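Trainee: Here you go, one structure.
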Amino acid sequence: MSTTTLEKPTVGAPKKQKVILAEGNEAAALAVALARPDMVAVYPITPQSSLVEHVAKLIADGRMDADIVDAEGEHSVLSVLQGGALAGARTYTATCGPGLAFMFEPYFRTSGMRLPIVMSIVTRDGITPQCVWGGHQDAMTVREVGWVQIYCETVQEVLDTTVMAFRIAEDHDVMLPVNICLDGNYLSYGACRIELPEQSDVDAFMGAKDVNWHVALDPLKPMAVDPLT
């Protein structure tokens with residue numbers, strides 16, 4: 001009777017994650033940097049303001065290689081990014097509340113053109129009676145407009161799903177804009193321990209950028225882009 005000895009597999013030491021303390025808005029900005037967008041457009045509104053401030057600082061400090069557009073309002077923010085996406089750029093913005101309402105026209109147009117724009121909604125309740133506190137009323141008003149919506153429960157989920165959102169939006173079987181929804185005040189300003197992935201791991205996860213293979217502003221390949229262009 002013979003016996004077979006099974007060798008124990010060699011398991012390498014688990015990769016050590018970088019651990020930091022961060023608010024939800026900061027975690028979102030760090031995730032955006034990891035996803036390497038080409039263009040961001042911003043306009044501040046409570047409780048989103050510190051998120052775009054973090055993004056702007058990452059760009060100013062050279063930690064994010066992206067063009068930043070300080071637009072005159074949210075309608076222009078999303079219109080600018082539509083042009084960027086049609087030209088082949090990976091794009092990002094964030095908003096909430098009345099800012100989201102102001103960008104409704106280009107918001108509706110984004111999903112119709114299947115542009116893979118990623119946008120955080122730092123959710124808050126409505127403006128009558130005046131309220132800047134957390135709630136989902138703003139995100140719920142655009143629930144049926146064709147964007148993918150992801151709702152986060154923790155600051156770690158904010159970071160993780162923001163990275164995931166770019167990959168989901170740009171997948172050829174999806175090609176839709178994506179919202180990452182995080183609770184205003186509770187997650188946006190709530191600080192806790194989070195683990196940051198390595199840039200090389202995010203790069204491998206993201207794969208090659210390919211955002212305008214289906215519809216593009218390209219003089220060498222003229223095409224109609226909705227009835228206006």
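Ligands are numbered from 1 in the order shown, chains are lettered A, B, ... in the order of the structure tokens, and residues start at 1 in each chain.
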Please run DSSP on the backbone and report, as a list of chain:residue names, all residues within region 33-93 of chain A that come out as strand (DSSP E or B).
Mentor: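 Matching residues, listed in order: A:Met39, A:Val40, A:Ala41, A:Val42, A:Asp67, A:Ile68, A:Val69, A:Asp70, A:Thr91, A:Tyr92, A:Thr93.
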Trainee: I'd like the neighbourhood of region 109-116 of chain A as an MDAnalysis selection string, where a residue qualifies if any of its atoms comes within 12 Å (using only C-alpha atoms), though same-chain residues fewer than 4 positions away should be ignored.
Mentor: chainID A and resid 37 75 78:93 103:105 142:148 165:179 209:216 224:229
Trainee: So which one's closest to Cys192 (chain A), A:Ala27, A:Val132, A:Ala22, A:Ala66? Using only C-alpha atoms, please.
Mentor: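 Closest to Cys192 (chain A), using only C-alpha atoms: A:Ala22.
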Trainee: Under the rule of at most 6 Å, produce a per-residue listing of region 77-126 of chain A near region 183-188 of chain A: chain, number, name, the closest pair of atoms, and the distance in Å, as a tab-separated table, using only C-alpha atoms.
Mentor:
residue	atom	partner	partner_atom	distance
A:Val122	CA	A:Gly184	CA	5.0
A:Thr123	CA	A:Gly184	CA	5.0
A:Arg124	CA	A:Gly184	CA	5.6
Trainee: Which residues, written as a PyMOL selection string, have at least one atom at most 8 Å from Val163 (chain A), with only C-alpha atoms counted and residues fewer than 3 positions away on the same chain left out?
Mentor: chain A and resi 31-32+34-35+159-160+166-167+202
Trainee: Only N, CA, C and O atoms, please: the residues just picked out, written as a compact mmCIF listing (two decimals), in the first residue's frame.
Mentor:
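The result, stored in out-v4.txt:
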# COMPACT_ATOMS: atom_id res chain seq x y z
N ALA A 31 -9.26 58.19 -4.96
CA ALA A 31 -9.64 57.16 -5.91
C ALA A 31 -9.63 57.68 -7.33
O ALA A 31 -9.22 56.99 -8.27
N VAL A 32 -10.10 58.91 -7.51
CA VAL A 32 -10.07 59.52 -8.84
C VAL A 32 -8.65 59.61 -9.35
O VAL A 32 -8.35 59.29 -10.51
N LEU A 34 -6.17 57.69 -8.56
CA LEU A 34 -5.72 56.34 -8.91
C LEU A 34 -6.24 55.91 -10.27
O LEU A 34 -5.59 55.13 -10.98
N ALA A 35 -7.42 56.39 -10.66
CA ALA A 35 -8.02 56.01 -11.95
C ALA A 35 -7.44 56.78 -13.13
O ALA A 35 -7.77 56.48 -14.27
N LEU A 159 -14.02 54.83 -1.77
CA LEU A 159 -12.78 54.70 -2.52
C LEU A 159 -12.86 53.56 -3.53
O LEU A 159 -12.55 53.74 -4.71
N ASP A 160 -13.28 52.40 -3.08
CA ASP A 160 -13.29 51.22 -3.95
C ASP A 160 -14.24 51.39 -5.13
O ASP A 160 -13.89 51.07 -6.28
N PHE A 166 -15.10 53.79 -13.02
CA PHE A 166 -14.46 54.06 -14.31
C PHE A 166 -14.40 52.80 -15.17
O PHE A 166 -14.66 52.84 -16.38
N ARG A 167 -14.07 51.69 -14.54
CA ARG A 167 -13.99 50.42 -15.28
C ARG A 167 -15.37 50.00 -15.79
O ARG A 167 -15.52 49.55 -16.93
N VAL A 202 -4.21 49.16 -9.55
CA VAL A 202 -5.33 49.88 -10.17
C VAL A 202 -5.13 49.96 -11.68
O VAL A 202 -6.07 49.77 -12.46
Trainee: Just list the residues in region 124-163 of chain A DSSP gives alpha helix (DSSP H) on the backbone, as a PDB file with N, CA and C atoms, in the first residue's frame.
Mentor:
ATOM      1  N   GLN A 137     -32.560  62.604  -1.703  1.00  0.00           N
ATOM      2  CA  GLN A 137     -33.567  63.193  -2.577  1.00  0.00           C
ATOM      3  C   GLN A 137     -32.984  63.618  -3.921  1.00  0.00           C
ATOM      4  N   ASP A 138     -31.761  64.180  -3.920  1.00  0.00           N
ATOM      5  CA  ASP A 138     -31.189  64.625  -5.195  1.00  0.00           C
ATOM      6  C   ASP A 138     -30.910  63.452  -6.126  1.00  0.00           C
ATOM      7  N   ALA A 139     -30.278  62.408  -5.610  1.00  0.00           N
ATOM      8  CA  ALA A 139     -29.966  61.243  -6.448  1.00  0.00           C
ATOM      9  C   ALA A 139     -31.242  60.547  -6.932  1.00  0.00           C
ATOM     10  N   MET A 140     -32.268  60.532  -6.073  1.00  0.00           N
ATOM     11  CA  MET A 140     -33.514  59.873  -6.455  1.00  0.00           C
ATOM     12  C   MET A 140     -34.215  60.602  -7.605  1.00  0.00           C
ATOM     13  N   THR A 141     -34.022  61.919  -7.705  1.00  0.00           N
ATOM     14  CA  THR A 141     -34.697  62.653  -8.782  1.00  0.00           C
ATOM     15  C   THR A 141     -34.165  62.275 -10.156  1.00  0.00           C
ATOM     16  N   VAL A 155     -16.679  54.716   4.053  1.00  0.00           N
ATOM     17  CA  VAL A 155     -15.653  55.490   3.353  1.00  0.00           C
ATOM     18  C   VAL A 155     -14.792  54.582   2.482  1.00  0.00           C
ATOM     19  N   GLN A 156     -14.512  53.371   2.956  1.00  0.00           N
ATOM     20  CA  GLN A 156     -13.751  52.423   2.133  1.00  0.00           C
ATOM     21  C   GLN A 156     -14.503  52.097   0.845  1.00  0.00           C
ATOM     22  N   GLU A 157     -15.817  51.947   0.941  1.00  0.00           N
ATOM     23  CA  GLU A 157     -16.611  51.689  -0.263  1.00  0.00           C
ATOM     24  C   GLU A 157     -16.579  52.885  -1.215  1.00  0.00           C
ATOM     25  N   VAL A 158     -16.512  54.086  -0.674  1.00  0.00           N
ATOM     26  CA  VAL A 158     -16.395  55.268  -1.524  1.00  0.00           C
ATOM     27  C   VAL A 158     -15.146  55.162  -2.390  1.00  0.00           C
ATOM     28  N   LEU A 159     -14.022  54.828  -1.765  1.00  0.00           N
ATOM     29  CA  LEU A 159     -12.776  54.698  -2.516  1.00  0.00           C
ATOM     30  C   LEU A 159     -12.855  53.557  -3.534  1.00  0.00           C
ATOM     31  N   ASP A 160     -13.281  52.402  -3.076  1.00  0.00           N
ATOM     32  CA  ASP A 160     -13.286  51.221  -3.946  1.00  0.00           C
ATOM     33  C   ASP A 160     -14.241  51.387  -5.132  1.00  0.00           C
ATOM     34  N   THR A 161     -15.452  51.864  -4.862  1.00  0.00           N
ATOM     35  CA  THR A 161     -16.440  51.943  -5.943  1.00  0.00           C
ATOM     36  C   THR A 161     -16.146  53.085  -6.907  1.00  0.00           C
ATOM     37  N   THR A 162     -15.428  54.110  -6.451  1.00  0.00           N
ATOM     38  CA  THR A 162     -15.046  55.175  -7.369  1.00  0.00           C
ATOM     39  C   THR A 162     -14.077  54.649  -8.421  1.00  0.00           C
ATOM     40  N   VAL A 163     -13.117  53.833  -7.992  1.00  0.00           N
ATOM     41  CA  VAL A 163     -12.218  53.191  -8.960  1.00  0.00           C
ATOM     42  C   VAL A 163     -13.015  52.260  -9.876  1.00  0.00           C
TER      43      VAL A 163
END
Trainee: Can you work out the spacing between CA of Pro98 (chain A) and CA of Gly126 (chain A) in Å, to one decimal?
Mentor: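 Atom-to-atom, CA of Pro98 (chain A) and CA of Gly126 (chain A) are spaced 7.8 Å apart.
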Trainee: Can you measure CA of Tyr43 (chain A) to CA of Ala191 (chain A) for me? One decimal in Å is fine.
Mentor: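 Straight-line distance from CA of Tyr43 (chain A) to CA of Ala191 (chain A) works out to 23.0 Å.
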Trainee: Using only C-alpha atoms for the distances, tell me which of A:Leu51, A:Met206, A:Ala28, A:Ile180 is nearest to Ile117 (chain A).
Mentor: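 Counting only C-alpha atoms, the residue closest to Ile117 (chain A) is A:Ile180.
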